[in-house]
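Trainee: The structure that follows is given in the form of structure tokens.
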Amino acid sequence: MSMHMEYLKFTPGFRTALRDGRLVPDSPKHMATKGFYKALPGSRIHLCNRAYLFAAAVFSMERDPKYIYSYAYEPEENWATYTCNLTPESYGQEDYVFQEECWFRVCARRRDGEDLTEEDSRHLENLAAFYCEPKEYTELSCFTQEIETTVARIRQEADVGCMKLCLLTDTHYTVNGTWEDTARNIQRVSGQIRYDAIIHLGDLTDGMLSKELTAAYVRRIVDDLEICGVPVYLTLGNHDSNYFRNRQNAFSRIEMKRLYRLHGDSGTDTGNDLDYYIDLPEYAVRMIFLASFDDTSSIRYGYTEEQLCWLEEALFHADTGTKFLIFSHDAPLAKLDYWSFYIRNGEQLLDLLERCNAEETYQILGFFYGHIHADQIFEECSFPVIATGCAKLEYFPDMKPEGSVAHERTAGTVTQELWDSLLIDFQKQRLKMIRFGAGADREVSFAKKKSTYKAIAVQVRAGRKMKLWAHRGASGHAPENTMPAFELAQMLGADGIELDVQLTGDGVPVVIHDERVDRVSDGSGWVKDYTLEELRALNMNQTFPSYGTVRIPTLEEVYDFVKETDMLINLELKNSVVFYEGLEEKVLRLAEEKGMGDRILYSSFNHSSMQKIRSLKPSARTAFLYSDGILDIADYAVKYGAYAVHPSLKNAEYPDVVRLCHERGIKVHVWTVNEAADFERMQRLGVDAVITNYIERG
């Protein structure tokens, strides 16, 4: 067999070299190949331009297990191990002959030792030729057996008229990974079964490299699937925007649509829409593909209002009798995704699908997603919601949502693989997933049933003995004490919000914690020295760039928002450093004007201020904030008419403080509780509420 020859491709620019086998910038004398090449024994690199020198950095076929058995991504998407062979003495060869199968990249420099120039860049395009004899694929015996078994099971289970799809997700292509085996196995099974389509649910690569390399890897995966001779449809994952740790190389929406070959019968041709559908008239099925990640959004996972409008059209303008398969990289609910604290418009998406499924003339067959790198079937909807584990060779059982299953994986065995043949049996109303590799076959009915997911969510919230109050709003995810933080707290299911109020120089109650604006804004100085108009000119967002410019809210604005929810407000008066004259009167009057008096708990470190609140309005509920040890706190609260005490997390653990307060009829609300162990400890102590930056952890 003749040797295959290709010229090695070097990185653009003139300031790139290798250090420990990785590309590093700012090396004007060297330039390295942009990607990795695979060599076999006898493969050879030949110098074609004697004005330069080259040296090969060799990577063995050994894989670092941390990339398989822990949550880790290799920065260059390379699972080969650098042999540390490259030294200054490595340069100067006319030919480099490989003795073993390996991966390699090449570093080049000028023979005269001068810096590389733009002119050199053009010459380096043909610096060295790589000669390698093509290697025939060697199939492992375990795969041969799995192919036979899988084909037999599909033929046994697939009744006449059964729709057949190949379903895989999260390939996360890497050099020296296992994609070659996966592609070959899918091709072998497809050759005997003839799928109606191949569906990839996203995250084709790690999305950490240059656009050029990521695109090359994506094309390799898609080309390998298209060899099967059946349609290939993709839905995009969070890594597919090439965003992951690599923002400067992120793909635009138009670039993604072209690269991932998104197409269909969506009825639009805007050039940048990532959602589409495919009709299969022979089955009366419409397959809908939804993008579920936006790296430019403040809440990156989820679905936009525009998507939902488009989806409504796709559902309710379909022909009578249409059945729908919904494909998305991410789940519709945060509880189904370890990585998401909130899925934007996820419940609205489910509401829309439930409304469609309630129609006699339509039916949702299932909602399929990846992303969690585990198997899960969620049956609280009127249709099944199904996750499939990752095609990438990976096994770690942590970082998975409750109820999901991650299967043990081992390279070189059948468990190295994981993908499904999805059989849709319309007569029996069953989805049958025949597993290739790690895990077991799964089966679930798509017969319509009563949806319970909302009722269960309401029941869980109503059953909370320990209430969850959002500290300065959902401040773990949004700028503290701003409307986005309060709105997000409500979306996350907070029982209440905690906020801080001060007065502007012109006497308007505004929501801000610090007495100075320096930490949270682009301004400087004391709140009391600013008018409301001047404060409104400041950007109160210094922590979450995706939210853009955020203005300080007035207390009236917050009341207007909360009034339309069922949340209560824990209002902290910030009058321990600056003694704002008339603050108590203003907040009480505003509460009465807005009809919010019975939904507000007033608190402060200034306990005299709480006495004043009580004297002005005896029915007002007050709470004493404290962070130092106070003797007989329960007696102290009773003596001065407090409704509750608000100890810091540490103070809540003083002996018997919760029990003694409860015996005297005093509520205990603890701040600031953020860690799982602290939530659990507060539950055991029996506190009435915790104030937290992370509502979703409670």
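Here's how to read the names in the structure tokens: chain A, B, ... by the order shown, residue numbers from 1 in each chain, ligand numbers from 1 in the order shown.
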Neighbours of region 313-316 of chain A within 9 Å (only C-alpha atoms; same-chain residues fewer than 4 positions away dropped), as a list in words?

Mentor: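 My reading of the contact set: Ser266, Tyr276, Tyr277, Arg286, Ile288, Leu308, Cys309, Thr320, Thr322, Phe324, Leu352, Leu353, Cys356 and Tyr362 of chain A.
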
Trainee: With C-alpha atoms kept, could you save the residues just selected as a PDB file, in the first residue's frame?

Mentor:
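Writing the result to selection_3.pdb gives the following:
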```
ATOM      1  CA  SER A 266     -39.009  25.664   9.973  1.00  0.00           C
ATOM      2  CA  TYR A 276     -35.879  23.834  13.200  1.00  0.00           C
ATOM      3  CA  TYR A 277     -38.184  20.903  12.584  1.00  0.00           C
ATOM      4  CA  ARG A 286     -42.632  16.140  13.345  1.00  0.00           C
ATOM      5  CA  ILE A 288     -38.466  19.551  16.624  1.00  0.00           C
ATOM      6  CA  LEU A 308     -41.551  29.683  22.483  1.00  0.00           C
ATOM      7  CA  CYS A 309     -43.530  31.709  19.947  1.00  0.00           C
ATOM      8  CA  THR A 320     -54.142  17.152  12.392  1.00  0.00           C
ATOM      9  CA  THR A 322     -49.238  14.955  14.036  1.00  0.00           C
ATOM     10  CA  PHE A 324     -44.055  15.281  18.048  1.00  0.00           C
ATOM     11  CA  LEU A 352     -46.776  24.744  25.963  1.00  0.00           C
ATOM     12  CA  LEU A 353     -46.006  21.073  25.355  1.00  0.00           C
ATOM     13  CA  CYS A 356     -50.387  20.557  22.911  1.00  0.00           C
ATOM     14  CA  TYR A 362     -51.874  15.987  18.653  1.00  0.00           C
TER      15      TYR A 362
END
```

Trainee: Tell me, which residues of region 270-321 of chain A carry DSSP strand (DSSP E), written as a list in words?

Mentor: Tyr276, Tyr277, Ile278, Asp279, Leu280, Val285, Arg286, Met287, Ile288, Phe289 and Leu290 of chain A

Trainee: Leaving out region 442-451 of chain A and any residue of its chain fewer than 6 positions from it, which residues lie within 7 Å of it when counting only C-alpha atoms, given as a VMD selection string?

Mentor: chain A and resid 365 to 366 380 to 384 429 to 434

Trainee: Please report as a Markdown table every residue of region 474-509 of chain A lying within 9 Å of region 689-694 of chain A, along with the nearest atom pair and their distance in Å (one decimal), using only C-alpha atoms.

Mentor:
```
| residue | atom | partner | partner_atom | distance |
| --- | --- | --- | --- | --- |
| A:Ala474 | CA | A:Asn693 | CA | 5.5 |
| A:Ser475 | CA | A:Asn693 | CA | 5.1 |
| A:Gly476 | CA | A:Asn693 | CA | 4.8 |
| A:His477 | CA | A:Tyr694 | CA | 7.9 |
| A:Ala489 | CA | A:Tyr694 | CA | 8.8 |
| A:Gly496 | CA | A:Ile691 | CA | 8.9 |
| A:Ile497 | CA | A:Ile691 | CA | 8.2 |
| A:Glu498 | CA | A:Ile691 | CA | 7.2 |
```

Trainee: Under the rule that only C-alpha atoms are counted, which of A:Cys661, A:Ile343, A:Leu350, A:Ala318 is the nearest residue to Ser298 (chain A)?

Mentor: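 Among A:Cys661, A:Ile343, A:Leu350, A:Ala318, it is A:Ile343 that comes nearest to Ser298 (chain A).
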
Trainee: Identify which of the residues A:Gly595, A:Gly302, A:Pro25, A:Gly370 lies closest to Leu167 (chain A), counting only C-alpha atoms when measuring atom-to-atom distances.

Mentor: A:Gly370

Trainee: Which residues come within 8 Å of Val668 (chain A), counting only C-alpha atoms, excluding same-chain residues fewer than 4 positions away, as a PyMOL selection string?

Mentor: chain A and resi 644-647+658+661-662+687-689

Trainee: Taking the backbone alone, and naming residues the way the document does, which bits of region 333-464 of chain A are helix (DSSP H, G or I) by DSSP, as number ranges by chain?

Mentor: A: 334-336, 346-357, 414-416, 453-462

Trainee: Excluding Val106 (chain A) and its own-chain neighbours fewer than 5 positions away, which residues fall within 12 Å of it when counting only C-alpha atoms? Please give them as a PyMOL selection string.

Mentor: chain A and resi 7-11+16-19+21-23+30-38+45-47+53-59+85-86+90-91+96+124+127-130

Trainee: Can you pull out every residue within 10 Å of Thr178 (chain A), counting only C-alpha atoms, but drop anything in the same chain fewer than 5 positions away, and send it as a PyMOL selection string?

Mentor: chain A and resi 79+171-173+183+391-393+411-412+416-417

Trainee: In Å, with one decimal, what is the gap from CA of Thr149 (chain A) to CA of Ala387 (chain A)?

Mentor: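 Answer for the CA of Thr149 (chain A) to CA of Ala387 (chain A) separation: 23.0 Å.
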
Trainee: Extract, using only C-alpha atoms, all DNA, RNA and protein residues at most 7 Å from Phe367 (chain A), discarding same-chain residues fewer than 2 positions from it, and format them as a PyMOL selection string.

Mentor: chain A and resi 325-327+369+384-386
